[in-house]
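*Asks:* You'll find target_13.tsv just under this line, and it carries TSV, C-alpha atoms and all ligand atoms.
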```tsv
chain	number	residue	atom	x	y	z
I	1	MET	CA	0.00	0.00	0.00
I	2	PRO	CA	1.20	3.55	-0.69
I	3	LYS	CA	2.92	5.16	2.28
I	4	THR	CA	2.82	8.77	3.37
I	5	ILE	CA	6.12	10.24	2.23
I	6	SER	CA	7.50	13.75	2.54
I	7	ILE	CA	9.18	14.59	-0.75
I	8	ASP	CA	10.75	17.69	0.83
I	9	ASP	CA	12.59	15.44	3.30
I	10	LEU	CA	13.97	13.27	0.48
I	11	VAL	CA	15.31	16.22	-1.51
I	12	ARG	CA	18.97	17.28	-1.11
I	13	PRO	CA	19.13	20.26	1.28
I	14	ASN	CA	20.82	22.55	-1.27
I	15	ILE	CA	18.04	21.85	-3.79
I	16	ARG	CA	15.37	22.44	-1.16
I	17	ALA	CA	16.97	25.81	-0.39
I	18	LEU	CA	17.67	26.69	-4.03
I	19	LYS	CA	16.27	29.96	-5.35
I	20	PRO	CA	15.51	29.10	-8.99
I	21	TYR	CA	16.39	31.34	-11.90
I	22	ARG	CA	13.46	33.55	-12.79
I	23	SER	CA	12.88	35.55	-15.93
I	24	ALA	CA	10.34	38.32	-16.52
I	25	ARG	CA	8.69	35.83	-18.89
I	26	ASP	CA	7.64	33.76	-15.85
I	27	ASP	CA	5.22	36.59	-15.05
I	28	TYR	CA	4.50	38.27	-18.42
I	29	ASP	CA	4.73	36.70	-21.87
I	30	LYS	CA	2.65	39.14	-23.94
I	31	GLY	CA	3.16	42.76	-24.92
I	32	THR	CA	6.17	44.66	-26.17
I	33	LEU	CA	8.82	42.17	-25.15
I	34	LEU	CA	11.96	44.10	-24.27
I	35	ASP	CA	12.89	42.05	-21.21
I	36	ALA	CA	15.08	39.20	-22.45
I	37	ASN	CA	17.66	40.71	-24.80
I	38	GLU	CA	16.25	38.84	-27.77
I	39	ASN	CA	16.56	40.12	-31.33
I	40	SER	CA	13.37	41.93	-32.34
I	41	TYR	CA	14.53	42.09	-35.97
I	42	GLY	CA	14.03	38.38	-36.56
I	43	SER	CA	16.27	35.51	-37.55
I	44	PRO	CA	17.87	34.52	-40.88
I	45	VAL	CA	15.72	31.37	-41.18
I	46	HIS	CA	12.30	32.99	-41.60
I	47	VAL	CA	10.48	30.77	-39.14
I	48	GLU	CA	8.16	32.92	-37.12
I	49	GLY	CA	8.87	33.17	-33.43
I	50	LEU	CA	12.34	31.65	-33.38
I	51	ASN	CA	13.86	34.95	-32.31
I	52	ARG	CA	11.95	34.57	-29.03
I	53	TYR	CA	12.77	32.29	-26.10
I	54	PRO	CA	10.38	29.34	-25.76
I	55	SER	CA	7.84	29.06	-22.97
I	56	PRO	CA	9.73	28.01	-19.81
I	57	TYR	CA	6.85	25.93	-18.48
I	58	GLN	CA	5.28	24.54	-21.67
I	59	TRP	CA	1.75	24.55	-20.21
I	60	GLU	CA	0.00	23.78	-23.51
I	61	LEU	CA	2.19	20.79	-24.36
I	62	ARG	CA	2.05	19.48	-20.80
I	63	SER	CA	-1.73	19.74	-20.77
I	64	LYS	CA	-2.01	17.70	-23.99
I	65	LEU	CA	0.23	15.02	-22.48
I	66	ALA	CA	-1.75	15.12	-19.24
I	67	ASP	CA	-5.01	14.53	-21.13
I	68	LEU	CA	-3.48	11.64	-23.04
I	69	ARG	CA	-2.31	9.93	-19.85
I	70	GLY	CA	-5.27	10.82	-17.63
I	71	VAL	CA	-3.36	12.98	-15.15
I	72	ARG	CA	-3.28	16.69	-14.31
I	73	THR	CA	-1.01	19.16	-16.10
I	74	GLU	CA	0.75	19.80	-12.76
I	75	ASN	CA	1.78	16.12	-12.76
I	76	VAL	CA	3.72	16.43	-16.03
I	77	PHE	CA	7.32	17.52	-16.66
I	78	VAL	CA	8.78	17.82	-20.17
I	79	GLY	CA	12.48	17.79	-20.95
I	80	VAL	CA	15.20	17.02	-23.46
I	81	GLY	CA	14.46	13.31	-23.81
I	82	SER	CA	13.78	11.11	-20.81
I	83	ASP	CA	17.53	11.15	-20.31
I	84	GLU	CA	17.18	14.72	-18.98
I	85	ALA	CA	14.53	13.57	-16.49
I	86	ILE	CA	16.78	10.75	-15.25
I	87	ASP	CA	19.64	13.21	-14.78
I	88	LEU	CA	17.46	15.77	-12.98
I	89	LEU	CA	15.98	13.20	-10.60
I	90	MET	CA	19.45	12.12	-9.54
I	91	ARG	CA	20.50	15.73	-9.03
I	92	ILE	CA	17.41	16.49	-6.95
I	93	PHE	CA	17.42	13.45	-4.67
I	94	CYS	CA	20.94	12.01	-4.46
I	95	GLU	CA	23.77	13.63	-2.52
I	96	PRO	CA	26.91	12.82	-4.57
I	97	GLY	CA	29.22	10.28	-2.92
I	98	GLN	CA	26.66	9.56	-0.23
I	99	ASP	CA	23.19	8.57	-1.47
I	100	ARG	CA	22.74	5.44	-3.58
I	101	ILE	CA	20.49	4.20	-6.35
I	102	LEU	CA	19.36	0.64	-7.04
I	103	ILE	CA	18.89	-0.78	-10.53
I	104	THR	CA	17.90	-4.20	-11.87
I	105	PRO	CA	20.22	-5.35	-14.69
I	106	PRO	CA	20.07	-6.22	-17.47
I	107	THR	CA	18.51	-2.81	-18.00
I	108	TYR	CA	18.85	0.55	-19.75
I	109	GLY	CA	22.46	1.73	-19.53
I	110	MET	CA	21.81	5.42	-18.90
I	111	TYR	CA	20.76	4.92	-15.25
I	112	GLU	CA	24.25	3.81	-14.32
I	113	VAL	CA	25.98	6.36	-16.57
I	114	SER	CA	23.95	9.18	-15.08
I	115	ALA	CA	24.72	7.93	-11.55
I	116	ASN	CA	28.43	7.71	-12.42
I	117	ILE	CA	28.39	11.30	-13.71
I	118	HIS	CA	26.99	12.46	-10.37
I	119	ASN	CA	29.23	10.15	-8.30
I	120	ILE	CA	26.24	8.24	-6.95
I	121	PRO	CA	27.00	4.62	-5.94
I	122	VAL	CA	24.87	2.03	-7.76
I	123	ASP	CA	23.53	-1.20	-6.21
I	124	LYS	CA	22.34	-3.94	-8.53
I	125	VAL	CA	19.77	-6.69	-8.08
I	126	LEU	CA	19.58	-8.88	-11.18
I	127	LEU	CA	16.26	-9.59	-12.82
I	128	THR	CA	15.17	-13.23	-12.52
I	129	PRO	CA	16.17	-15.67	-15.31
I	130	GLU	CA	12.74	-14.86	-16.84
I	131	PHE	CA	13.74	-11.18	-16.68
I	132	ASP	CA	11.10	-10.21	-14.12
I	133	VAL	CA	11.83	-8.15	-11.02
I	134	ASP	CA	12.00	-9.93	-7.65
I	135	PRO	CA	10.45	-7.35	-5.31
I	136	GLU	CA	11.66	-9.00	-2.09
I	137	ALA	CA	15.24	-9.20	-3.37
I	138	VAL	CA	15.05	-5.51	-4.34
I	139	LEU	CA	13.69	-4.44	-0.94
I	140	GLU	CA	16.24	-6.60	0.94
I	141	ASN	CA	19.03	-4.79	-0.89
I	142	VAL	CA	17.84	-1.31	0.01
I	143	ARG	CA	20.47	0.33	2.23
I	144	GLU	CA	20.26	3.25	4.61
I	145	ASN	CA	21.22	5.76	1.94
I	146	THR	CA	19.30	4.26	-0.97
I	147	LYS	CA	17.29	7.16	-2.37
I	148	MET	CA	16.02	5.82	-5.66
I	149	ILE	CA	15.05	2.55	-7.33
I	150	LEU	CA	14.87	2.57	-11.14
I	151	LEU	CA	12.79	-0.05	-12.95
I	152	CYS	CA	12.24	-0.27	-16.69
I	153	SER	CA	9.03	-1.76	-18.07
I	154	PRO	CA	8.91	-2.89	-20.84
I	155	ASN	CA	12.56	-3.48	-20.06
I	156	ASN	CA	15.39	-2.56	-22.38
I	157	PRO	CA	17.21	-4.71	-23.59
I	158	THR	CA	15.03	-7.74	-22.75
I	159	GLY	CA	11.73	-6.38	-24.16
I	160	ASN	CA	9.36	-7.79	-21.52
I	161	ASP	CA	7.10	-6.00	-19.10
I	162	LEU	CA	7.88	-6.42	-15.41
I	163	SER	CA	5.07	-7.63	-13.17
I	164	VAL	CA	2.79	-4.70	-12.32
I	165	ASP	CA	2.09	-6.11	-8.84
I	166	ALA	CA	5.83	-6.34	-8.16
I	167	MET	CA	6.40	-2.73	-9.27
I	168	LYS	CA	3.51	-1.47	-7.14
I	169	HIS	CA	4.72	-3.53	-4.17
I	170	ILE	CA	8.14	-1.89	-4.41
I	171	ALA	CA	6.61	1.59	-4.75
I	172	GLY	CA	4.40	0.91	-1.73
I	173	GLU	CA	7.16	-0.40	0.54
I	174	PHE	CA	10.17	1.73	-0.37
I	175	THR	CA	10.35	5.12	1.32
I	176	GLY	CA	12.50	6.72	-1.40
I	177	ILE	CA	11.74	7.50	-5.04
I	178	VAL	CA	10.66	4.72	-7.43
I	179	VAL	CA	11.19	5.51	-11.10
I	180	ILE	CA	9.37	3.35	-13.65
I	181	ASP	CA	10.69	3.94	-17.13
I	182	GLU	CA	7.84	3.37	-19.58
I	183	ALA	CA	9.67	4.42	-22.75
I	184	TYR	CA	8.12	1.45	-24.60
I	185	VAL	CA	4.77	1.20	-22.81
I	186	ASP	CA	2.66	1.96	-25.89
I	187	PHE	CA	3.85	-1.26	-27.52
I	188	SER	CA	2.66	-3.24	-24.51
I	189	ASP	CA	-0.82	-4.61	-23.88
I	190	ARG	CA	-0.76	-3.25	-20.34
I	191	GLU	CA	-1.93	0.20	-19.27
I	192	SER	CA	0.56	2.87	-18.30
I	193	LEU	CA	1.09	3.30	-14.55
I	194	ALA	CA	0.91	7.09	-15.00
I	195	GLY	CA	-2.49	7.26	-13.28
I	196	GLU	CA	-0.96	5.66	-10.16
I	197	VAL	CA	0.93	8.84	-9.31
I	198	ALA	CA	-2.27	10.03	-7.60
I	199	GLN	CA	-1.86	7.16	-5.11
I	200	TYR	CA	1.93	6.83	-4.81
I	201	PRO	CA	3.65	10.05	-3.70
I	202	ASN	CA	7.11	8.58	-4.51
I	203	LEU	CA	6.37	7.24	-8.00
I	204	VAL	CA	7.86	8.81	-11.13
I	205	VAL	CA	6.77	7.41	-14.51
I	206	LEU	CA	9.06	8.25	-17.42
I	207	GLN	CA	7.84	8.35	-20.99
I	208	THR	CA	9.15	9.70	-24.26
I	209	LEU	CA	8.08	10.73	-27.75
I	210	SER	CA	11.13	8.89	-29.15
I	211	LYS	CA	9.53	5.46	-29.55
I	212	ALA	CA	5.79	4.96	-30.24
I	213	PHE	CA	5.42	8.58	-31.42
I	214	GLY	CA	8.37	8.19	-33.79
I	215	LEU	CA	9.87	11.55	-32.81
I	216	ALA	CA	13.32	10.61	-31.51
I	217	GLY	CA	14.77	13.55	-33.46
I	218	ILE	CA	12.96	16.24	-31.49
I	219	ARG	CA	14.18	15.00	-28.06
I	220	LEU	CA	11.05	15.22	-25.94
I	221	GLY	CA	10.93	13.23	-22.73
I	222	ILE	CA	8.24	13.20	-20.07
I	223	ALA	CA	8.11	12.59	-16.34
I	224	ILE	CA	4.76	12.04	-14.63
I	225	ALA	CA	4.66	12.26	-10.84
I	226	ALA	CA	3.00	13.88	-7.86
I	227	GLU	CA	3.04	17.66	-8.07
I	228	ASP	CA	5.62	17.92	-5.24
I	229	ILE	CA	8.16	16.07	-7.38
I	230	ILE	CA	7.31	17.91	-10.61
I	231	ARG	CA	7.74	21.25	-8.82
I	232	TYR	CA	11.33	20.31	-7.92
I	233	MET	CA	12.02	19.20	-11.50
I	234	LEU	CA	10.78	22.55	-12.81
I	235	LYS	CA	12.87	24.35	-10.21
I	236	VAL	CA	16.12	22.62	-11.17
I	237	LYS	CA	15.81	22.36	-14.97
I	238	ALA	CA	17.51	24.83	-17.30
I	239	PRO	CA	15.11	27.77	-17.84
I	240	TYR	CA	14.30	27.05	-21.50
I	241	ASN	CA	15.06	23.33	-21.73
I	242	VAL	CA	12.40	22.49	-24.36
I	243	ASN	CA	13.05	24.49	-27.50
I	244	SER	CA	10.36	26.06	-29.71
I	245	LEU	CA	10.77	23.62	-32.62
I	246	THR	CA	10.52	20.60	-30.33
I	247	SER	CA	7.49	22.04	-28.60
I	248	TYR	CA	5.81	22.85	-31.91
I	249	TYR	CA	6.26	19.37	-33.37
I	250	ALA	CA	5.36	17.65	-30.10
I	251	ARG	CA	2.07	19.59	-30.00
I	252	LYS	CA	1.51	18.88	-33.71
I	253	ALA	CA	1.76	15.14	-32.99
I	254	PHE	CA	-1.49	15.40	-31.07
I	255	ASP	CA	-3.32	16.41	-34.28
I	256	ASN	CA	-2.57	12.95	-35.65
I	257	LEU	CA	-2.77	10.41	-32.87
I	258	GLU	CA	-4.46	8.08	-35.36
I	259	SER	CA	-1.18	7.67	-37.22
I	260	VAL	CA	0.65	6.98	-33.94
I	261	ARG	CA	-1.85	4.22	-33.14
I	262	PHE	CA	-1.69	2.85	-36.69
I	263	ASN	CA	2.10	2.58	-36.56
I	264	ILE	CA	1.99	0.92	-33.14
I	265	GLU	CA	-0.29	-1.79	-34.51
I	266	LYS	CA	1.92	-2.29	-37.57
I	267	ILE	CA	5.04	-2.56	-35.41
I	268	LYS	CA	3.35	-5.11	-33.15
I	269	GLU	CA	2.32	-7.21	-36.17
I	270	GLU	CA	5.85	-7.06	-37.57
I	271	ARG	CA	7.29	-7.88	-34.13
I	272	ASP	CA	5.27	-11.10	-34.08
I	273	ARG	CA	6.23	-12.01	-37.62
I	274	LEU	CA	9.90	-11.27	-36.96
I	275	ALA	CA	9.87	-13.31	-33.73
I	276	LYS	CA	8.42	-16.33	-35.54
I	277	ALA	CA	10.83	-16.07	-38.45
I	278	LEU	CA	13.82	-15.61	-36.12
I	279	SER	CA	12.93	-18.61	-34.00
I	280	MET	CA	13.00	-20.77	-37.13
I	281	GLN	CA	16.59	-19.83	-37.96
I	282	PRO	CA	18.90	-22.75	-37.14
I	283	PHE	CA	21.51	-20.80	-35.10
I	284	VAL	CA	18.95	-18.90	-33.06
I	285	LYS	CA	18.70	-20.54	-29.63
I	286	LYS	CA	15.96	-18.40	-28.15
I	287	VAL	CA	13.78	-15.41	-28.99
I	288	TYR	CA	12.61	-13.66	-25.82
I	289	PRO	CA	8.99	-12.50	-25.54
I	290	SER	CA	8.66	-8.77	-26.22
I	291	ASP	CA	6.20	-6.07	-25.18
I	292	ALA	CA	8.33	-3.42	-26.91
I	293	ASN	CA	9.41	-2.49	-30.45
I	294	PHE	CA	12.50	-4.70	-30.41
I	295	LEU	CA	13.44	-8.33	-29.85
I	296	LEU	CA	16.23	-9.87	-27.82
I	297	PHE	CA	17.48	-13.19	-29.15
I	298	LYS	CA	20.21	-15.64	-28.33
I	299	ILE	CA	22.34	-16.91	-31.17
I	300	GLU	CA	25.53	-18.93	-31.48
I	301	HIS	CA	28.63	-16.74	-31.88
I	302	ALA	CA	26.61	-13.56	-31.32
I	303	ARG	CA	29.60	-11.22	-31.43
I	304	ALA	CA	30.77	-12.56	-34.82
I	305	VAL	CA	27.22	-12.50	-36.20
I	306	TYR	CA	26.84	-8.88	-35.05
I	307	GLN	CA	30.03	-7.92	-36.86
I	308	LYS	CA	29.16	-9.78	-40.05
I	309	LEU	CA	25.70	-8.21	-40.13
I	310	ALA	CA	27.30	-4.78	-39.75
I	311	GLU	CA	29.72	-5.50	-42.60
I	312	GLN	CA	26.64	-6.19	-44.75
I	313	GLY	CA	25.14	-2.88	-43.64
I	314	VAL	CA	22.61	-4.25	-41.14
I	315	ILE	CA	23.22	-2.78	-37.70
I	316	VAL	CA	21.81	-4.46	-34.61
I	317	ARG	CA	22.91	-4.18	-30.98
I	318	TYR	CA	25.24	-6.68	-29.31
I	319	ARG	CA	24.04	-7.23	-25.74
I	320	GLY	CA	26.15	-10.28	-24.90
I	321	ASN	CA	28.06	-8.41	-22.19
I	322	GLU	CA	24.93	-7.78	-20.12
I	323	PRO	CA	24.20	-10.14	-17.23
I	324	ARG	CA	21.95	-13.09	-18.22
I	325	CYS	CA	22.29	-12.01	-21.90
I	326	ASP	CA	25.14	-14.26	-22.95
I	327	ASN	CA	25.30	-14.42	-26.79
I	328	CYS	CA	22.33	-12.08	-27.15
I	329	LEU	CA	21.59	-9.57	-29.89
I	330	ARG	CA	18.86	-6.94	-29.83
I	331	VAL	CA	17.10	-5.97	-33.04
I	332	THR	CA	14.64	-3.13	-33.52
I	333	VAL	CA	11.44	-4.00	-35.38
I	334	GLY	CA	11.77	-2.19	-38.69
I	335	THR	CA	9.52	-1.84	-41.74
I	336	PRO	CA	8.56	-5.12	-43.48
I	337	ASP	CA	11.35	-4.53	-46.02
I	338	GLU	CA	13.93	-3.80	-43.34
I	339	ASN	CA	12.91	-6.90	-41.42
I	340	ASP	CA	13.11	-9.06	-44.54
I	341	LEU	CA	16.56	-7.69	-45.29
I	342	PHE	CA	17.67	-8.34	-41.71
I	343	LEU	CA	16.37	-11.95	-41.87
I	344	SER	CA	17.92	-12.73	-45.23
I	345	THR	CA	21.27	-11.15	-44.24
I	346	LEU	CA	21.22	-13.13	-40.98
I	347	LYS	CA	20.65	-16.33	-42.98
I	348	GLU	CA	23.52	-15.40	-45.27
I	349	VAL	CA	26.05	-14.63	-42.51
I	350	THR	CA	25.21	-17.74	-40.49
I	351	ALA	CA	25.17	-20.12	-43.50
B	1	LIG	N1	14.51	4.78	-21.42
B	1	LIG	C1	14.72	3.67	-22.12
B	1	LIG	C2	14.35	2.36	-21.52
B	1	LIG	C3	15.30	3.73	-23.39
B	1	LIG	O1	15.52	2.61	-24.06
B	1	LIG	C4	15.65	4.99	-23.92
B	1	LIG	C5	16.28	5.18	-25.27
B	1	LIG	N2	16.89	4.13	-25.85
B	1	LIG	C6	15.41	6.12	-23.15
B	1	LIG	C7	14.84	5.98	-21.91
B	1	LIG	C8	15.81	7.49	-23.60
B	1	LIG	O2	14.82	8.02	-24.33
B	1	LIG	P1	14.86	9.54	-24.83
B	1	LIG	O3	15.04	9.47	-26.29
B	1	LIG	O4	13.52	10.07	-24.41
B	1	LIG	O5	15.99	10.22	-24.11
```
If you took the structure in this file and wrote it as C-alpha cells, what would it be?
Ligand code: PMP

*Replies:*
Amino acid sequence: MPKTISIDDLVRPNIRALKPYRSARDDYDKGTLLDANENSYGSPVHVEGLNRYPSPYQWELRSKLADLRGVRTENVFVGVGSDEAIDLLMRIFCEPGQDRILITPPTYGMYEVSANIHNIPVDKVLLTPEFDVDPEAVLENVRENTKMILLCSPNNPTGNDLSVDAMKHIAGEFTGIVVIDEAYVDFSDRESLAGEVAQYPNLVVLQTLSKAFGLAGIRLGIAIAAEDIIRYMLKVKAPYNVNSLTSYYARKAFDNLESVRFNIEKIKEERDRLAKALSMQPFVKKVYPSDANFLLFKIEHARAVYQKLAEQGVIVRYRGNEPRCDNCLRVTVGTPDENDLFLSTLKEVTA
C-alpha cells in the first residue's frame, strides 16, 4: 500500500533551499517584449517566433500530455528526452558520494551512466532468469542511503514488461523514489502506470516521444509524478530546456494520434512475424517475448554475427556483455522490407 512520504525530506538540502532562476517571462509573456535581450529584428531562417525564447513551463504541451495519460497538467514535466529527467531526478534526490540508487540489470544503460556522472553509488539486483523483477530481493538490498530505485518496463534490452504487482509492491514499501521507465509502454498490452501517481507520492513514470510517437529527433521526454516532485524538476531544470521547434512538433503530434496508433499496430504485427521467423533460424537458440518495439534473441557466436551483419550494412545491438544475456543480440522491429533484409542477411552470414 502507498505510504505517506515527505518529498521535501527526500530532496537534497541545497536543492530544497535553491532559489531558482526567474525571468520576466515567468510573469508576463505578452506585450512589447523588451525584457530578455532577444533580437526583435528576426532571424535569418524565416520561421516565425524563433527569435523569441520558448515558454519556460510549456503549459500547452504538458496539458495535452496530461489529457493523453489521464493525469493533471501539474503532474507532467517535459524535458530534453527522458535522459534529462533521469539526470534531474538524480540531481534532486541524491547527494553525490553519499546517497545510492538501485537498478535491476540487465537494464537501460543510462541509469548507471547518469549515476556515475553524479558520483552516486549504484547497487544492482539482477532480474530473474525470466527477466522479471524480484520485489523482495530488491527491498532486501535497500540500504540506509538508498534514495532511488529505477525499474524499466517494458525493459530494455530484454523487451518484456515487469510484473505490475511487483512494481507497485516496491513503490508501496520503499520510502525513497521509485522511477518506472515506460519508454516502450505503448507497444505493450498493459496500461501505463501514470495514473498511479495520484496514489503513490514517490512514484515517477518516465515516458518519451522517441519510440511509439516516432519523434526521436525532437528529443522530448516526459516525467509524470506527484506535483511535489514535478515542482522540484521545474525548479532545477535549465530555464528554456524544451526548444520552440521541439514544442511545436510535439504539440503537432497530437493532431494525428491516429497515425501513432496505426504505426503501433503495424510494429506489433511485424514484431510477431519477426519473432516467428527468427525462432526458425537454425543458429537462433531463443527469442525472448517482447512487449516493446524490439526483440532480444540468443544466437551462437553472437559477437561474430553482429560484426558480419554490420559488414553487410545491417546494424543491430550486441548485448552479450549484459548479465543473463550471454550471446544475445537486440534488433529493432523495422519496416517489413527492413525486417526481410535483416532476416535474409542473418541467414547469409550464419550459412
Ligand atoms: N529509457 C529507455 C528504456 C530507453 O531505451 C531509452 C532510449 N533508448 C530512453 C529511456 C531514452 O529516451 P529519450 O530518447 O527520451 O531520451

*Asks:* Taking a cut-off of 10 Å and counting all atoms listed in the file, can you build a table that, for each residue of region 193-302 of chain I near region 14-20 of chain I, reports the nearest atom pair and how far apart they are in Å (one decimal), sorted by chain then residue number, as a Markdown table?

*Replies:*
```
| residue | atom | partner | partner_atom | distance |
| --- | --- | --- | --- | --- |
| I:Tyr232 | CA | I:Ile15 | CA | 8.0 |
| I:Leu234 | CA | I:Pro20 | CA | 8.9 |
| I:Lys235 | CA | I:Pro20 | CA | 5.6 |
| I:Val236 | CA | I:Pro20 | CA | 6.9 |
| I:Lys237 | CA | I:Pro20 | CA | 9.0 |
| I:Ala238 | CA | I:Pro20 | CA | 9.6 |
| I:Pro239 | CA | I:Pro20 | CA | 9.0 |
```

*Asks:* So what do you get for CA of Val316 (chain I) versus CA of Val331 (chain I), distance-wise?

*Replies:*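 According to the coordinates, CA of Val316 (chain I) and CA of Val331 (chain I) are separated by 5.2 Å.
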
*Asks:* Please return as a list in words the residues found within 6 Å of ligand LIG 1 (chain B), counting all atoms listed in the file.

*Replies:*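 Using all atoms listed in the file, everything at most 6 Å from ligand LIG 1 (chain B) comes to Gly81, Ser82, Asp83, Tyr108, Cys152, Asn156, Asp181, Ala183, Thr208, Ser210, Ala216, Arg219, Leu220 and Gly221 of chain I.
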
*Asks:* Go ahead and save the residues from that selection, with C-alpha atoms, as a short mmCIF file (atom, residue, chain, number, x, y, z; two decimals), keeping the file's coordinate frame.

*Replies:*
```cif
data_model
loop_
_atom_site.label_atom_id
_atom_site.label_comp_id
_atom_site.auth_asym_id
_atom_site.auth_seq_id
_atom_site.Cartn_x
_atom_site.Cartn_y
_atom_site.Cartn_z
CA GLY I 81 14.46 13.31 -23.81
CA SER I 82 13.78 11.11 -20.81
CA ASP I 83 17.53 11.15 -20.31
CA TYR I 108 18.85 0.55 -19.75
CA CYS I 152 12.24 -0.27 -16.69
CA ASN I 156 15.39 -2.56 -22.38
CA ASP I 181 10.69 3.94 -17.13
CA ALA I 183 9.67 4.42 -22.75
CA THR I 208 9.15 9.70 -24.26
CA SER I 210 11.13 8.89 -29.15
CA ALA I 216 13.32 10.61 -31.51
CA ARG I 219 14.18 15.00 -28.06
CA LEU I 220 11.05 15.22 -25.94
CA GLY I 221 10.93 13.23 -22.73
#
```

*Asks:* When distances are computed from all atoms listed in the file, which of I:Val260, I:Leu309, I:Cys94, I:Ile299 shows the smallest separation from Cys328 (chain I)?

*Replies:*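 The closest residue to Cys328 (chain I) is I:Ile299.
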
*Asks:* Quick one: everything within 10 Å of Glu130 (chain I), counting all atoms listed in the file, minus sequence neighbours fewer than 4 positions away in the same chain. Send it as a CSV table (one decimal) with C-alpha atoms, keeping the file's coordinate frame.

*Replies:*
```csv
chain,number,residue,atom,x,y,z
I,158,THR,CA,15.0,-7.7,-22.8
I,160,ASN,CA,9.4,-7.8,-21.5
I,162,LEU,CA,7.9,-6.4,-15.4
I,288,TYR,CA,12.6,-13.7,-25.8
I,289,PRO,CA,9.0,-12.5,-25.5
I,324,ARG,CA,22.0,-13.1,-18.2
```

*Asks:* Which centre and edge lengths in Å to one decimal define the box along x, y and z that fits every listed atom of region 64-70 of chain I plus 6 Å per side, as AutoDock Vina command-line options?

*Replies:*
```
--center_x -2.5 --center_y 13.8 --center_z -20.8 --size_x 17.5 --size_y 19.8 --size_z 18.4
```

*Asks:* Ranking I:Thr107, I:Pro44, I:Gly49, I:Leu206 by minimum distance to Asp87 (chain I) and counting all atoms listed in the file, which one comes first?

*Replies:*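 Ranking I:Thr107, I:Pro44, I:Gly49, I:Leu206 by distance to Asp87 (chain I), first place goes to I:Leu206.
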
*Asks:* Excluding Trp59 (chain I) and any residue of its chain fewer than 6 positions from it, enumerate the residues within 10 Å of it, using all atoms listed in the file, and give them as JSON, numbers by chain.

*Replies:* {"I": [65, 73, 74, 76, 77, 78]}
